[in-house]
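For reference, the structure discussed in these notes is given below.
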2 protein chains.
Amino acid sequence: MPNDIQIVTESDLRRVAGLNIETVDVIEKAFATLATGDVVMPPILSMDIPDANGEVDVKTAYLPGFDSFAIKVSPGFFDNPKLGLPSLNGLMILFSAKTGLVEAVFLDNGYLTDLRTAAAGAVAARHMAIEEVETAGVIGTGVQARLQMRAAHLVRPYKRLLVHGRDTAKAAACAADLGRDLDVEVEVMTSAGDVVRESQLVVTTTPSKTPLVKSAWLHPGLHITAVGSDQTGKNEIAADALASADLYVCDRVSQCEIAGELSAARAAGEMLDVQPPELGDIITGRHPGRETEEAITICDLTGTGAQDTAIANHVYRQLGSAGTIVAA
Amino acid sequence: MPNDIQIVTESDLRRVAGLNIETVDVIEKAFATLATGDVVMPPILSMDIPDANGEVDVKTAYLPGFDSFAIKVSPGFFDNPKLGLPSLNGLMILFSAKTGLVEAVFLDNGYLTDLRTAAAGAVAARHMAIEEVETAGVIGTGVQARLQMRAAHLVRPYKRLLVHGRDTAKAAACAADLGRDLDVEVEVMTSAGDVVRESQLVVTTTPSKTPLVKSAWLHPGLHITAVGSDQTGKNEIAADALASADLYVCDRVSQCEIAGELSAARAAGEMLDVQPPELGDIITGRHPGRETEEAITICDLTGTGAQDTAIANHVYRQLGSAGTIVAA
C-alpha cells in the first residue's frame, strides 16, 4: 500500500517557517531532551570529495517525545561560486519514529539548518548572557550573522549592534539590513577587538581557521557564542581565551572535541583536563550556568542532529497541504 | 535559481530498472572501482531506535568516473508487520558529484537495494564459481532468495535449483516461482546440508544468528555467497567452514569485520590472522581468485555504498521523464 510523502521546497518552507520565539523554544526543547538522556545521536557521517573540492555531512538524532526523526544531508562544494551556484545545499528527510516510513522530504537548500542554528544561538543567549544586554556584536557578515543577531534580539532586545567583517562593504550591508529589521542603532567596526570590548553579547559566525577573538579583549559580563567552527581546523576563539573564561559550554561535547573550539584549544595545549557541560545541562539546571553578572561565558555550537529533528518536526506540523504529495 | 529535482517512486523505478546483465555489469564496475582506490566510502551511519524496535542505516560512496553519488537511508522497523506494514523501507538521494546539488530522490522502499544486492551475488558467482554450474542451491525463501537465484542464472545458467527454508510452504512457493521464471528443475529440500552437498553454487539469504552451513558439508568445486549478514550478531556460515575454505572474499573487509561472516568467525576464534581479499581485487586481477576447479570458495556480501552509488547512477540515466519534477 503506497505511503503518502510530502515533498516541500525551500520557497514552500520559507512561507511557513521563520525565525521566531516558537522556533527558539523548539530548539531549546531539543537541547533539554539531549541532556536528559535517551536521545540517540550517532556521530556525523562525513565524506570528502577532493576531486570537486566538496564534502557532505549527514546528521540525525532520535529524540523521545518527538513523533518523527530527521536525517539531514548537507553538501558543501566550495568551487560552486565559480559556476554561479551556492556552496551549501542539502535537504532533510523526515521519518516516522514509530514505523520508519518516510513522511516528508524538505528540499530546503539548507534553510532549516540556518533557522535551527540561529535558534540555538538564541537559546545560548537566553541561558548564558547577562539579563540586560545593551550592546551586542557580531563578527561575520553573511546569512548566519544576520539570523544570529535577529535571533539574539528575540531573547535579549539589545539597543545597539556592532558589526565587524574582513570586508567592510559586506559589514556595512549586514549592519544596514539589521538596523532596518530590528530598529537598533548599528555601527560597523574596523576592529574585532572593539566589537568584543564594547559588547555584552557577541556572536562569531565565520569559517575562520585562525582565532579572531583574543583573550585580552574579554571583560566581565561578556558572553560569546561561536557558531562558525563545524569541522577540525576551524577556529574563532583563541585557546587561552577559551581557557580563561569562567564557563565554557558545548552544544555536544563529543562533537566539539572533534569539530569545535574545544578541538582547536586542545590542539594548542589548552583545556586538556576540562570536561565542559553541555547547553542542555544549563537549560535543565543540571549545571548552574552563569553564576554572577561578572562572569565571562562562552558557548560553542557545532550543530547537532537533535536540532535538525526538532526543527523538522516543528515545521512538519505547520505545513498543512504545502508542497506536493507523492504516493510511494 | 531553483534546481530541478526528479522525484521517482518505487512503481516508476520498477518500470525502468530490472535485474539484467547490464545491472550486473554496473555493480561489477562499482566493485572494480572500489579496488582501484580513490573511492571515498565512509563507515555506515547506524542509529538504533529501541523504543520502536527500529534501526536506520545510512550508506554512501563517491566513485570516480560516476557523475553522481548516492546517499541511501534504510530504516528497519521490526514491529511494522503487526501494523500491516513492511519492516524495511527507505530511499536514495542522488547528488551531482561536481556541485553537490540534489538531482533525484528515489522513493524506492528498498527496491534498488534489492537489485544491487542481487547483482553483487551475480558478480561473485561470475568471478568465483566454477564455469559449469549444473545445480545451484539457495537457503532462504524471501525476496532476496528469488532475486539472487535469478541473478546467478544470468551468469551461471544452472539446470537444477534446490531450495531450503525453515518454512517448507515458503520454500515451495519460492521454488515454484523460480522454476517458472527460469525454466529450471526445482526441488525443495528439508535439509540445508543436502542443498550444500548437491550444489556447485549456493547462496544464503537469511537473517540467521546461528550458523546454517556446516564445514562437514563443503565439497570440492563449491562456491557459497552469503548475503544475509549485515550486522554484528548475524551469522550464516560456521566459523570453521569459513576457515577451511580455500578462498574467503569480502565485499569490503572493513565492513565484514564488523557486520559480516568474518565478524562472527573472529568472535568464535577463527580467521584472526587472515586479511582477506575483496571482490574488487578478484575482478581486477589483483588477486588470482579461484585457482582450481576443486577449490572451495566463499564470498561475504554485507552491502556497500559503492553499489548504491552505482545503481543510482545507472537508473538515473534510464529514467527519462519518469516521476515528478520539483523546482527547489
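We label chains A, B, ... in the order they appear in the C-alpha cells, count residues from 1 in each chain, and number ligands from 1 in the order shown.
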
- Taking the chain letters and numbering used in this document, name the residues of stretch 142-298 of chain B that DSSP puts in helix (DSSP H, G or I), as a PyMOL selection string. chain B and resi 143-155+168-182+192-198+215-217+239-244+253-259+261-267+279-283

Give one line per residue of chain A that approaches chain B to at most 6 Å, naming the two atoms of the closest pair and their distance in Å to one decimal, counting only C-alpha atoms; sort by chain then ascending residue number and deliver it as JSON lines.
{"residue": "A:Thr9", "atom": "CA", "partner": "B:Ala328", "partner_atom": "CA", "distance": 5.0}
{"residue": "A:Leu45", "atom": "CA", "partner": "B:Leu45", "partner_atom": "CA", "distance": 5.9}
{"residue": "A:Ala52", "atom": "CA", "partner": "B:Lys98", "partner_atom": "CA", "distance": 5.5}
{"residue": "A:Pro75", "atom": "CA", "partner": "B:Gly100", "partner_atom": "CA", "distance": 5.5}
{"residue": "A:Phe77", "atom": "CA", "partner": "B:Thr99", "partner_atom": "CA", "distance": 5.7}
{"residue": "A:Lys98", "atom": "CA", "partner": "B:Ala52", "partner_atom": "CA", "distance": 5.5}
{"residue": "A:Thr99", "atom": "CA", "partner": "B:Phe77", "partner_atom": "CA", "distance": 5.7}
{"residue": "A:Gly100", "atom": "CA", "partner": "B:Pro75", "partner_atom": "CA", "distance": 5.5}
{"residue": "A:Ala328", "atom": "CA", "partner": "B:Thr9", "partner_atom": "CA", "distance": 5.1}

What does the file look like for those residues with N, CA and C atoms, as a compact mmCIF listing (two decimals), in the first residue's frame?
# COMPACT_ATOMS: atom_id res chain seq x y z
N THR A 9 9.47 22.35 -1.00
CA THR A 9 10.64 23.08 -1.47
C THR A 9 11.02 24.21 -0.51
N LEU A 45 28.13 11.42 9.87
CA LEU A 45 28.76 10.77 8.72
C LEU A 45 29.31 11.88 7.83
N ALA A 52 36.27 17.39 -6.35
CA ALA A 52 35.41 18.54 -6.65
C ALA A 52 35.47 19.58 -5.53
N PRO A 75 25.55 18.96 1.67
CA PRO A 75 26.75 19.04 0.83
C PRO A 75 27.33 20.46 0.87
N PHE A 77 30.14 22.35 -1.55
CA PHE A 77 31.03 22.25 -2.73
C PHE A 77 31.57 23.64 -3.00
N LYS A 98 7.93 5.83 14.70
CA LYS A 98 7.25 4.59 15.08
C LYS A 98 7.40 3.50 14.02
N THR A 99 7.38 3.90 12.73
CA THR A 99 7.39 2.91 11.65
C THR A 99 8.59 3.04 10.71
N GLY A 100 9.31 4.13 10.79
CA GLY A 100 10.42 4.35 9.86
C GLY A 100 9.98 4.75 8.47
N ALA A 328 4.17 6.80 -2.60
CA ALA A 328 5.29 5.90 -2.92
C ALA A 328 5.15 4.62 -2.11

- Separation of atom CA of B:Leu247 from atom CA of B:Ala122, in Å and rounded to one decimal: 17.4 Å

- Within 8 Å of B:Val16, counting only C-alpha atoms, which residues qualify if same-chain residues fewer than 5 places away don't, as a list of chain:residue names?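 Listing them by chain and then by number gives B:Val315, B:Gln318, B:Leu319.
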
Writer output for current selection, N, CA and C atoms, as a PDB file, in the first residue's frame:
ATOM      1  N   VAL B 315      20.327   3.861 -12.929  1.00  0.00           N
ATOM      2  CA  VAL B 315      18.887   4.060 -13.046  1.00  0.00           C
ATOM      3  C   VAL B 315      18.576   5.486 -13.505  1.00  0.00           C
ATOM      4  N   GLN B 318      18.415   6.066 -17.071  1.00  0.00           N
ATOM      5  CA  GLN B 318      17.331   5.404 -17.803  1.00  0.00           C
ATOM      6  C   GLN B 318      15.966   6.012 -17.518  1.00  0.00           C
ATOM      7  N   LEU B 319      15.898   6.992 -16.634  1.00  0.00           N
ATOM      8  CA  LEU B 319      14.602   7.453 -16.129  1.00  0.00           C
ATOM      9  C   LEU B 319      13.763   8.178 -17.163  1.00  0.00           C
TER      10      LEU B 319
END

- Excluding same-chain residues fewer than 2 positions from B:Val143, what lies within 10 Å of it counting only C-alpha atoms, as number ranges by chain? B: 114, 118, 140-141, 145-148, 174, 205

- Near-B:Asn313 list (8 Å; only C-alpha atoms; drop same-chain fewer than 3 positions) as a list in words: Phe66, Asp67, Ser68, Phe69, Ala70, Leu94, Thr309, Ala310, Tyr316 and Arg317 of chain B

- Between atom CA of B:Cys299 and atom CA of B:Ile224 - distance in Å to one decimal: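 Separation between atom CA of B:Ile224 and atom CA of B:Cys299: 6.3 Å.
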
- Query: Skipping near chain neighbours, those fewer than 2 positions away, what residues fall within 8 Å of B:Val26 using only C-alpha atoms, listed as a PyMOL selection string?
  - Reply: chain B and resi 22-24+28-30+310-311+314

- Message: Just want the 12 Å neighbourhood of B:Ala173, counted on only C-alpha atoms, with same-chain residues fewer than 4 positions away dropped. Output as JSON, numbers by chain.
- Response: {"B": [140, 141, 142, 143, 145, 146, 163, 164, 165, 167, 168, 169, 177, 178, 179, 180, 186, 187, 188]}

With all heavy atoms retained, export the selected residues as a short mmCIF file (atom, residue, chain, number, x, y, z; two decimals), in the first residue's frame.
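Full text of selection.cif as output:
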data_model
loop_
_atom_site.label_atom_id
_atom_site.label_comp_id
_atom_site.auth_asym_id
_atom_site.auth_seq_id
_atom_site.Cartn_x
_atom_site.Cartn_y
_atom_site.Cartn_z
N GLY B 140 17.04 -19.89 2.19
CA GLY B 140 16.28 -18.66 2.34
C GLY B 140 15.17 -18.68 1.30
O GLY B 140 15.33 -19.31 0.23
N THR B 141 14.06 -18.00 1.58
CA THR B 141 12.88 -18.14 0.72
C THR B 141 12.19 -16.80 0.43
O THR B 141 11.06 -16.78 -0.06
CB THR B 141 11.85 -19.08 1.39
OG1 THR B 141 11.48 -18.49 2.65
CG2 THR B 141 12.42 -20.46 1.62
N GLY B 142 12.86 -15.70 0.75
CA GLY B 142 12.21 -14.39 0.61
C GLY B 142 12.50 -13.73 -0.73
O GLY B 142 12.89 -14.38 -1.71
N VAL B 143 12.29 -12.42 -0.76
CA VAL B 143 12.51 -11.63 -1.98
C VAL B 143 13.94 -11.79 -2.46
O VAL B 143 14.20 -12.00 -3.65
CB VAL B 143 12.22 -10.13 -1.70
CG1 VAL B 143 12.70 -9.26 -2.85
CG2 VAL B 143 10.75 -9.92 -1.43
N ALA B 145 16.08 -14.22 -1.85
CA ALA B 145 16.35 -15.58 -2.34
C ALA B 145 15.98 -15.67 -3.82
O ALA B 145 16.74 -16.19 -4.66
CB ALA B 145 15.56 -16.60 -1.51
N ARG B 146 14.79 -15.16 -4.15
CA ARG B 146 14.34 -15.19 -5.55
C ARG B 146 15.27 -14.37 -6.45
O ARG B 146 15.68 -14.82 -7.53
CB ARG B 146 12.92 -14.63 -5.64
CG ARG B 146 11.85 -15.58 -5.06
CD ARG B 146 10.54 -14.82 -4.84
NE ARG B 146 9.42 -15.68 -4.53
CZ ARG B 146 9.16 -16.17 -3.31
NH1 ARG B 146 9.98 -15.91 -2.29
NH2 ARG B 146 8.09 -16.94 -3.11
N VAL B 163 16.04 -25.63 -3.04
CA VAL B 163 15.60 -24.54 -2.16
C VAL B 163 15.37 -25.11 -0.76
O VAL B 163 14.67 -26.12 -0.59
CB VAL B 163 14.29 -23.90 -2.67
CG1 VAL B 163 13.85 -22.77 -1.73
CG2 VAL B 163 14.46 -23.40 -4.10
N HIS B 164 15.96 -24.44 0.22
CA HIS B 164 15.70 -24.82 1.61
C HIS B 164 15.31 -23.61 2.43
O HIS B 164 15.93 -22.54 2.30
CB HIS B 164 16.94 -25.47 2.26
CG HIS B 164 16.78 -25.69 3.74
ND1 HIS B 164 16.06 -26.75 4.27
CD2 HIS B 164 17.19 -24.96 4.80
CE1 HIS B 164 16.06 -26.67 5.59
NE2 HIS B 164 16.75 -25.59 5.94
N GLY B 165 14.29 -23.77 3.27
CA GLY B 165 13.94 -22.73 4.24
C GLY B 165 13.33 -23.39 5.46
O GLY B 165 12.91 -24.55 5.41
N ASP B 167 10.57 -22.69 6.76
CA ASP B 167 9.15 -22.87 6.50
C ASP B 167 9.01 -23.55 5.13
O ASP B 167 9.28 -22.95 4.09
CB ASP B 167 8.48 -21.49 6.51
CG ASP B 167 6.98 -21.57 6.28
OD1 ASP B 167 6.52 -22.45 5.53
OD2 ASP B 167 6.27 -20.72 6.85
N THR B 168 8.60 -24.81 5.14
CA THR B 168 8.58 -25.59 3.90
C THR B 168 7.59 -25.03 2.88
O THR B 168 7.82 -25.07 1.67
CB THR B 168 8.26 -27.07 4.20
OG1 THR B 168 9.18 -27.52 5.19
CG2 THR B 168 8.40 -27.94 2.96
N ALA B 169 6.47 -24.47 3.37
CA ALA B 169 5.48 -23.89 2.44
C ALA B 169 6.10 -22.70 1.70
O ALA B 169 5.92 -22.54 0.48
CB ALA B 169 4.23 -23.46 3.21
N ASP B 177 8.02 -20.30 -7.92
CA ASP B 177 8.23 -19.02 -8.63
C ASP B 177 9.48 -19.10 -9.51
O ASP B 177 9.46 -18.68 -10.68
CB ASP B 177 8.41 -17.87 -7.63
CG ASP B 177 7.10 -17.47 -6.96
OD1 ASP B 177 6.03 -17.95 -7.40
OD2 ASP B 177 7.16 -16.69 -5.99
N LEU B 178 10.56 -19.63 -8.93
CA LEU B 178 11.83 -19.64 -9.67
C LEU B 178 11.80 -20.66 -10.80
O LEU B 178 12.36 -20.42 -11.87
CB LEU B 178 12.99 -19.89 -8.71
CG LEU B 178 13.35 -18.67 -7.85
CD1 LEU B 178 14.26 -19.07 -6.69
CD2 LEU B 178 14.02 -17.60 -8.71
N GLY B 179 11.14 -21.78 -10.55
CA GLY B 179 11.03 -22.79 -11.60
C GLY B 179 10.32 -22.22 -12.83
O GLY B 179 10.73 -22.44 -13.98
N ARG B 180 9.28 -21.44 -12.58
CA ARG B 180 8.51 -20.82 -13.66
C ARG B 180 9.34 -19.72 -14.33
O ARG B 180 9.44 -19.67 -15.56
CB ARG B 180 7.22 -20.25 -13.07
CG ARG B 180 6.17 -19.87 -14.09
CD ARG B 180 4.91 -19.36 -13.41
NE ARG B 180 5.21 -18.35 -12.41
CZ ARG B 180 5.00 -18.46 -11.09
NH1 ARG B 180 4.45 -19.55 -10.59
NH2 ARG B 180 5.32 -17.47 -10.28
N VAL B 186 13.24 -27.62 -10.22
CA VAL B 186 13.38 -27.15 -8.83
C VAL B 186 13.03 -28.27 -7.85
O VAL B 186 12.22 -29.15 -8.17
CB VAL B 186 12.49 -25.93 -8.53
CG1 VAL B 186 12.98 -24.70 -9.28
CG2 VAL B 186 11.03 -26.22 -8.83
N GLU B 187 13.64 -28.21 -6.69
CA GLU B 187 13.36 -29.19 -5.66
C GLU B 187 13.46 -28.51 -4.29
O GLU B 187 14.42 -27.79 -4.02
CB GLU B 187 14.39 -30.33 -5.76
CG GLU B 187 13.95 -31.59 -5.05
CD GLU B 187 14.88 -32.77 -5.39
OE1 GLU B 187 15.52 -32.73 -6.49
OE2 GLU B 187 14.98 -33.68 -4.57
N VAL B 188 12.47 -28.73 -3.46
CA VAL B 188 12.52 -28.24 -2.08
C VAL B 188 13.23 -29.29 -1.24
O VAL B 188 12.89 -30.48 -1.30
CB VAL B 188 11.10 -27.96 -1.54
CG1 VAL B 188 11.16 -27.61 -0.05
CG2 VAL B 188 10.44 -26.85 -2.33
#

Write out, as JSON lines, each residue of stretch 112-189 of chain B that has an atom at most 9 Å from stretch 227-239 of chain B, together with the closest pair of atoms and their distance in Å to one decimal, counting only C-alpha atoms, rows going by chain and rising number.
{"residue": "B:Thr117", "atom": "CA", "partner": "B:Val227", "partner_atom": "CA", "distance": 7.8}
{"residue": "B:Ala118", "atom": "CA", "partner": "B:Val227", "partner_atom": "CA", "distance": 8.8}
{"residue": "B:Gly121", "atom": "CA", "partner": "B:Val227", "partner_atom": "CA", "distance": 7.7}
{"residue": "B:Gln144", "atom": "CA", "partner": "B:Val227", "partner_atom": "CA", "distance": 8.8}

Could you save those same residues with C-alpha atoms as an mmCIF file, in the first residue's frame?
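The resulting file, selection26.cif, is reproduced below:
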data_model
loop_
_atom_site.group_PDB
_atom_site.id
_atom_site.type_symbol
_atom_site.label_atom_id
_atom_site.label_comp_id
_atom_site.auth_asym_id
_atom_site.auth_seq_id
_atom_site.Cartn_x
_atom_site.Cartn_y
_atom_site.Cartn_z
ATOM 1 C CA THR B 117 22.372 -6.832 -3.685
ATOM 2 C CA ALA B 118 21.247 -9.478 -6.155
ATOM 3 C CA GLY B 121 25.654 -12.029 -5.932
ATOM 4 C CA GLN B 144 16.299 -11.771 -1.932
#

- Task: May I have all residues of stretch 114-240 of chain B that DSSP, computed from the backbone, assigns to strand (DSSP E or B), given as a PyMOL selection string?
- Result: chain B and resi 135-139+160-164+185-188+201-204+213+223-226+237

- Looking at only C-alpha atoms, which of B:Leu19, B:Met189, B:Ala216, B:Ala312 is the one that sits closest to B:Met92? B:Ala312
